[in-house]
Amino acid sequence: MDTDLIASLAAVGVALGIVEGIKPGPLLTMVIRESLTKGLKAGMWTAAAPIFTDGPMIIATLLVAGWMATQPMVLLIISLLGAVFLTKMGVDCFGLEPPSAELGDDDASGSFKRGILTNLLNPNVYMFWVLIGGPLMASAAEEEPFAPITFALCFLISIILVKSAIAWLFVGAGDRLSTRGYRIALSICGLAMLAFAAGFAYQAYGLYLEVF
């Protein structure tokens with residue numbers, strides 16, 4: 001067993017997980033949105049989405065990384081769907097009311113589903129595993145089979161912990177926000193989602209030119 005390679009891949013996984021956790025993106029915006037509207041439980045359920053999106057992608061990436069890189073039509077469809085979904089969620093932010101003190105399990109369950117859908121329709125997640133995670137795991141697997149598993153686990157744990165911490169911070173801030181401050185914070189989330197939607201649409205346009 002090559003412990004040095006396993007340790008180095010674990011460190012890379014933690015570092016990338018922290019970077020991806022704090023980097024502005026659709027899922028982080030969704031974590032903040034759900035934390036402000038439905039409370040900490042909903043925000044943390046949203047932050048857990050990578051377990052059910054990145055997890056299968058980690059396995060699939062090793063199998064289809066080379067193929068996906070040569071299929072711009074696949075990324076074009078994902079980009080378009082992501083743009084539509086994020087536009088809807090962004091517009092919704094401008095009409096949301098302050099959270100109720102009584103939040104049921106259905107709220108958290110809905111947040112969890114929205115987090116998964118956000119990540120599934122985010123082409124950057126696929127690009128990350130195709131261009132970064134996939135090659136790292138594929139190259140390490142040739143020397144040490146446990147290294148890719150360690151990398152993936154460390155990445156997932158790190159990104160979820162970081163986003164959960166951000167959810168906790170925003171819930172604390174939300175308790176002190178006035179109604180006006182709350183609506184301003186949600187409006188910023190809405191604008192961010194619309195900006196990401198525009199980015200996905202632009203990416204889809206570039207892929208469209210490449211395909212057609």
# chains A, B, ... in the order shown; residues from 1 in each chain; ligands from 1
>>> residues_around(residues="Phe155 (chain A)", least_positions_apart="2", cutoff="12 Å", atoms="only C-alpha atoms", output="count of residues only")
34
>>> residues_around(residues="Ala195 (chain A)", least_positions_apart="6", cutoff="10 Å", atoms="only C-alpha atoms", output="list in words")
Gly25, Pro26, Ala83, Leu86, Thr87, Gly90, Cys189 and Ala201 of chain A
>>> write_last_selection(atoms="C-alpha atoms", output="PDB file, in the first residue's frame")
ATOM      1  CA  GLY A  25     -21.793  28.979  -7.224  1.00  0.00           C
ATOM      2  CA  PRO A  26     -25.383  27.819  -7.687  1.00  0.00           C
ATOM      3  CA  ALA A  83     -30.094  27.992 -17.057  1.00  0.00           C
ATOM      4  CA  LEU A  86     -31.754  28.668 -12.002  1.00  0.00           C
ATOM      5  CA  THR A  87     -33.764  31.418 -13.696  1.00  0.00           C
ATOM      6  CA  GLY A  90     -33.731  33.246  -8.974  1.00  0.00           C
ATOM      7  CA  CYS A 189     -29.330  35.480  -3.861  1.00  0.00           C
ATOM      8  CA  ALA A 201     -26.838  30.166 -21.139  1.00  0.00           C
TER       9      ALA A 201
END
>>> closest_residue(among="A:Ala60, A:Val211, A:Leu28, A:Leu96", to="Thr46 (chain A)", atoms="only C-alpha atoms")
A:Leu28
>>> closest_residue(among="A:Ala192, A:Ala48, A:Leu186, A:Leu209", to="Phe94 (chain A)", atoms="only C-alpha atoms")
A:Leu186
>>> residues_around(residues="Glu210 (chain A)", least_positions_apart="6", cutoff="12 Å", atoms="only C-alpha atoms", output="list of chain:residue names")
A:Thr70, A:Gln71, A:Pro72, A:Met73, A:Leu75, A:Leu76, A:Gln203, A:Ala204
>>> select_by_dssp(residues="region 69-200 of chain A", states="alpha helix (DSSP H)", output="PyMOL selection string")
chain A and resi 69+72-93+105-120+123-128+134-141+146-176+179-200
>>> closest_residue(among="A:Pro24, A:Ser79, A:Cys154, A:Ile32", to="Ala7 (chain A)", atoms="only C-alpha atoms")
A:Cys154
